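So this block is structure.cif, mmCIF, C-alpha atoms:
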data_target
loop_
_atom_site.label_atom_id
_atom_site.label_comp_id
_atom_site.auth_asym_id
_atom_site.auth_seq_id
_atom_site.Cartn_x
_atom_site.Cartn_y
_atom_site.Cartn_z
CA MET A 107 21.36 -30.26 2.58
CA LYS A 108 22.07 -26.57 2.93
CA ILE A 109 19.37 -24.29 4.29
CA ARG A 110 19.76 -20.55 4.26
CA PHE A 111 17.39 -18.36 6.28
CA PHE A 112 17.12 -14.65 5.45
CA VAL A 113 15.33 -12.18 7.68
CA VAL A 114 14.98 -8.43 7.28
CA GLY A 115 15.81 -6.55 10.48
CA LYS A 116 16.79 -7.80 13.88
CA THR A 117 14.78 -9.64 16.51
CA ALA A 118 14.13 -7.13 19.27
CA PHE A 119 12.83 -9.42 22.02
CA GLU A 120 15.36 -11.42 24.03
CA ASP A 121 13.02 -14.34 24.70
CA LEU A 122 12.41 -14.77 20.97
CA LYS A 123 16.15 -14.52 20.26
CA VAL A 124 16.77 -17.34 22.74
CA GLY A 125 14.17 -19.52 21.02
CA GLU A 126 15.58 -18.75 17.58
CA GLN A 127 19.08 -19.66 18.74
CA ARG A 128 17.86 -22.88 20.33
CA TYR A 129 16.23 -24.13 17.13
CA ALA A 130 19.10 -22.94 14.92
CA GLN A 131 21.51 -24.95 17.07
CA ARG A 132 19.27 -28.00 16.88
CA LEU A 133 19.04 -27.69 13.09
CA ALA A 134 22.81 -27.99 12.82
CA HIS A 135 22.42 -31.72 13.60
CA TYR A 136 20.40 -32.24 10.40
CA CYS A 137 21.66 -29.78 7.81
CA THR A 138 24.07 -26.99 7.04
CA PHE A 139 22.16 -24.02 8.39
CA GLU A 140 23.03 -20.40 7.65
CA ARG A 141 21.10 -17.42 8.93
CA LEU A 142 21.48 -14.00 7.37
CA ASP A 143 20.05 -10.95 9.12
CA LEU A 144 19.61 -8.20 6.56
CA PRO A 145 19.64 -4.66 7.93
CA ASP A 146 16.53 -2.53 8.14
CA ILE A 147 16.28 0.21 5.53
CA LYS A 148 17.66 3.47 6.83
CA ASN A 149 15.33 6.48 7.20
CA PRO A 150 12.15 4.53 6.34
CA LYS A 151 9.81 7.40 7.28
CA ALA A 152 11.04 9.30 4.24
CA LEU A 153 10.06 6.41 1.94
CA SER A 154 6.80 4.92 0.70
CA GLN A 155 5.95 1.29 1.44
CA ALA A 156 6.73 0.43 -2.19
CA GLN A 157 10.14 2.11 -1.96
CA ILE A 158 10.93 0.23 1.24
CA LYS A 159 9.94 -3.10 -0.36
CA ASP A 160 12.04 -2.30 -3.44
CA LYS A 161 15.12 -1.44 -1.37
CA GLU A 162 14.71 -4.56 0.77
CA GLY A 163 14.19 -6.55 -2.43
CA VAL A 164 17.48 -5.38 -3.91
CA LEU A 165 19.24 -6.42 -0.72
CA ILE A 166 17.53 -9.83 -0.60
CA LEU A 167 18.22 -10.56 -4.26
CA SER A 168 21.88 -9.60 -3.90
CA LYS A 169 22.33 -12.47 -1.40
CA ILE A 170 20.65 -15.19 -3.45
CA ASN A 171 22.76 -17.54 -5.54
CA PRO A 172 21.63 -18.66 -9.01
CA THR A 173 21.26 -22.29 -7.87
CA ASP A 174 19.21 -21.45 -4.75
CA PHE A 175 15.61 -22.60 -4.46
CA VAL A 176 13.88 -19.57 -2.94
CA ILE A 177 10.88 -19.94 -0.62
CA LEU A 178 9.09 -16.85 0.65
CA LEU A 179 7.20 -16.98 3.92
CA ASP A 180 4.04 -15.29 2.74
CA GLU A 181 0.48 -15.12 3.98
CA ASN A 182 -0.77 -16.21 0.54
CA GLY A 183 1.55 -19.20 0.36
CA LYS A 184 0.83 -22.91 0.61
CA ASP A 185 0.09 -24.17 4.09
CA PHE A 186 1.12 -27.61 5.27
CA SER A 187 0.64 -29.80 8.27
CA SER A 188 3.94 -30.47 10.04
CA VAL A 189 4.14 -33.96 8.51
CA ALA A 190 3.36 -32.68 5.01
CA PHE A 191 6.00 -29.97 5.40
CA ALA A 192 8.53 -32.63 6.40
CA ASP A 193 7.62 -34.63 3.29
CA TRP A 194 8.01 -31.48 1.16
CA ILE A 195 11.49 -30.86 2.65
CA ALA A 196 12.46 -34.49 1.88
CA GLN A 197 11.25 -34.09 -1.69
CA LYS A 198 13.27 -30.89 -2.14
CA GLN A 199 16.36 -32.63 -0.73
CA MET A 200 16.11 -35.23 -3.50
CA GLN A 201 15.17 -32.87 -6.32
CA HIS A 202 17.38 -29.86 -5.73
CA ASN A 203 21.17 -29.59 -5.51
CA GLY A 204 21.37 -25.95 -4.41
CA ALA A 205 20.44 -24.46 -1.08
CA LEU A 206 16.88 -23.98 0.08
CA VAL A 207 16.56 -20.29 0.94
CA PHE A 208 13.68 -19.33 3.21
CA VAL A 209 13.02 -15.59 3.34
CA ILE A 210 11.03 -13.53 5.83
CA GLY A 211 10.63 -10.04 4.44
CA GLY A 212 10.12 -6.74 6.15
CA ALA A 213 6.91 -5.35 7.61
CA TYR A 214 5.42 -4.56 4.19
CA GLY A 215 6.21 -7.84 2.48
CA PHE A 216 8.22 -8.39 -0.68
CA SER A 217 8.92 -6.44 -3.83
CA GLN A 218 7.64 -7.70 -7.16
CA ALA A 219 11.22 -8.60 -8.14
CA VAL A 220 11.54 -10.90 -5.11
CA TYR A 221 8.21 -12.56 -5.91
CA GLU A 222 9.42 -13.13 -9.47
CA ARG A 223 12.67 -14.78 -8.27
CA ALA A 224 10.98 -17.07 -5.75
CA GLN A 225 10.00 -20.61 -6.70
CA PHE A 226 7.60 -21.18 -3.81
CA LYS A 227 5.53 -19.36 -1.20
CA LEU A 228 4.93 -20.91 2.22
CA SER A 229 2.32 -19.89 4.77
CA LEU A 230 2.71 -20.88 8.40
CA SER A 231 -0.89 -20.15 9.33
CA SER A 232 -4.06 -18.37 8.32
CA MET A 233 -3.42 -16.22 11.36
CA THR A 234 -1.07 -13.26 11.23
CA PHE A 235 2.05 -13.26 13.41
CA SER A 236 4.52 -10.45 13.96
CA HIS A 237 7.75 -10.62 11.97
CA GLN A 238 9.49 -11.03 15.31
CA MET A 239 7.49 -14.12 16.28
CA VAL A 240 7.30 -15.83 12.90
CA ARG A 241 11.08 -16.30 12.86
CA MET A 242 11.03 -18.55 15.91
CA ILE A 243 7.83 -20.31 14.82
CA PHE A 244 9.34 -21.11 11.43
CA LEU A 245 12.63 -22.36 12.89
CA GLU A 246 10.70 -24.63 15.26
CA GLN A 247 8.69 -26.04 12.36
CA LEU A 248 11.83 -26.60 10.31
CA TYR A 249 13.41 -28.43 13.25
CA ARG A 250 10.20 -30.44 13.70
CA ALA A 251 10.26 -31.39 10.00
CA PHE A 252 13.76 -32.84 10.30
CA SER A 253 12.89 -34.67 13.50
CA ILE A 254 9.87 -36.19 11.73
CA LEU A 255 12.05 -37.29 8.82
CA LYS A 256 14.50 -38.94 11.22
CA GLY A 257 11.70 -40.65 13.15
CA GLU A 258 12.69 -38.94 16.38
CA PRO A 259 10.21 -38.55 19.25
CA TYR A 260 10.05 -34.72 19.19
CA HIS A 261 6.86 -34.78 17.08
CA HIS A 262 3.98 -36.69 18.61
CA ALA A 263 1.57 -37.76 15.90
#
What do you get writing this file as structure tokens?
Amino acid sequence: MKIRFFVVGKTAFEDLKVGEQRYAQRLAHYCTFERLDLPDIKNPKALSQAQIKDKEGVLILSKINPTDFVILLDENGKDFSSVAFADWIAQKQMQHNGALVFVIGGAYGFSQAVYERAQFKLSLSSMTFSHQMVRMIFLEQLYRAFSILKGEPYHHA
């Protein structure tokens, strides 16, 4: 299975970068994993939130392939337990031949065009996390899902 992970902007905190790298390396044992860091929009103070989302949206959409199954990490998305998320990943592996593309947008969320292209919205929690932190949290949950599917002891039920 191929998993692509798109994030807008760079992770600023070294400790979070280390965690992201750790889980990305671990994921390589289970799937083909590709991370794409999309650049922040230049001169954002001169733009409205809608303009920023639209510009980010154009960039995101330009990187998505027609056969990709696009999942947005979104506060209004479906929330899962870790086991249910693992089951969902397994189901997608069987149903879909293209890559699963998980996208974390910029600070203001996604443009309407990105919402229209997406096939699914995923929420990690009812709580709000910074865009910096949610990257590592998501990668850990993705790693946990694969370890659950393989019956490995990382996840303690």
Checklist entry - Lys198 (chain A): which residues within 12 Å, counting only C-alpha atoms, same-chain residues fewer than 3 positions away excluded, as a PyMOL selection string? => result chain A and resi 107-109+174-177+191-195+201-207+225-226
Per-residue nearest contacts of region 149-254 of chain A to region 111-126 of chain A (9 Å; all atoms listed in the file) as CSV:
residue,atom,partner,partner_atom,distance
A:Glu162,CA,A:Val114,CA,7.6
A:Ile166,CA,A:Phe112,CA,7.7
A:Lys169,CA,A:Phe112,CA,8.9
A:Leu206,CA,A:Phe111,CA,8.4
A:Val207,CA,A:Phe111,CA,5.7
A:Phe208,CA,A:Phe111,CA,4.9
A:Val209,CA,A:Phe112,CA,4.7
A:Ile210,CA,A:Val113,CA,4.9
A:Gly211,CA,A:Val114,CA,5.4
A:Gly212,CA,A:Val114,CA,5.3
A:Ala213,CA,A:Val114,CA,8.6
A:His237,CA,A:Thr117,CA,8.4
A:Gln238,CA,A:Thr117,CA,5.6
A:Met239,CA,A:Leu122,CA,6.8
A:Arg241,CA,A:Glu126,CA,7.0
A:Met242,CA,A:Glu126,CA,4.9
A:Ile243,CA,A:Glu126,CA,8.4
A:Leu245,CA,A:Glu126,CA,6.6
A:Glu246,CA,A:Glu126,CA,8.0
Residues just named, written with C-alpha atoms as a PDB file, in the coordinates of the input:
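Okay, result_9.pdb is ready:
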ATOM      1  CA  GLU A 162      14.710  -4.560   0.770  1.00  0.00           C
ATOM      2  CA  ILE A 166      17.530  -9.830  -0.600  1.00  0.00           C
ATOM      3  CA  LYS A 169      22.330 -12.470  -1.400  1.00  0.00           C
ATOM      4  CA  LEU A 206      16.880 -23.980   0.080  1.00  0.00           C
ATOM      5  CA  VAL A 207      16.560 -20.290   0.940  1.00  0.00           C
ATOM      6  CA  PHE A 208      13.680 -19.330   3.210  1.00  0.00           C
ATOM      7  CA  VAL A 209      13.020 -15.590   3.340  1.00  0.00           C
ATOM      8  CA  ILE A 210      11.030 -13.530   5.830  1.00  0.00           C
ATOM      9  CA  GLY A 211      10.630 -10.040   4.440  1.00  0.00           C
ATOM     10  CA  GLY A 212      10.120  -6.740   6.150  1.00  0.00           C
ATOM     11  CA  ALA A 213       6.910  -5.350   7.610  1.00  0.00           C
ATOM     12  CA  HIS A 237       7.750 -10.620  11.970  1.00  0.00           C
ATOM     13  CA  GLN A 238       9.490 -11.030  15.310  1.00  0.00           C
ATOM     14  CA  MET A 239       7.490 -14.120  16.280  1.00  0.00           C
ATOM     15  CA  ARG A 241      11.080 -16.300  12.860  1.00  0.00           C
ATOM     16  CA  MET A 242      11.030 -18.550  15.910  1.00  0.00           C
ATOM     17  CA  ILE A 243       7.830 -20.310  14.820  1.00  0.00           C
ATOM     18  CA  LEU A 245      12.630 -22.360  12.890  1.00  0.00           C
ATOM     19  CA  GLU A 246      10.700 -24.630  15.260  1.00  0.00           C
TER      20      GLU A 246
END
Checklist entry - Just so the selection is clear, what residues does the PyMOL selection byres ((chain A and resi 161) around 12) cover here, as a ChimeraX atom specification? => result /A:114,144-150,153-160,162-168,211-212,214-220
Checklist entry - In file coordinates, which residues lie within 10 Å of (3.1, -29.1, 7.7) using all atoms listed in the file, given as a ChimeraX atom specification? => result /A:184-195,229-231,247-248,250-251
Item to check | Residue nearest Leu255 (chain A) - candidates A:Ala196, A:Leu133, A:Val240, A:Leu142, atoms counted: all atoms listed in the file | outcome: A:Ala196
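Here the PyMOL selection byres ((chain A and resi 140) around 6) captures the residues A:Arg110, A:Phe139, A:Arg141.
The coordinates place CA of Tyr136 (chain A) at 14.9 Å from CA of Pro259 (chain A).
From CA of Gly257 (chain A) back to CA of Arg132 (chain A), the distance works out to 15.2 Å.
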Next on the checklist: To one decimal place in Å, what is the distance between CA of Tyr249 (chain A) and CA of Ile170 (chain A)?
Outcome noted: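 The value is 22.5 Å.
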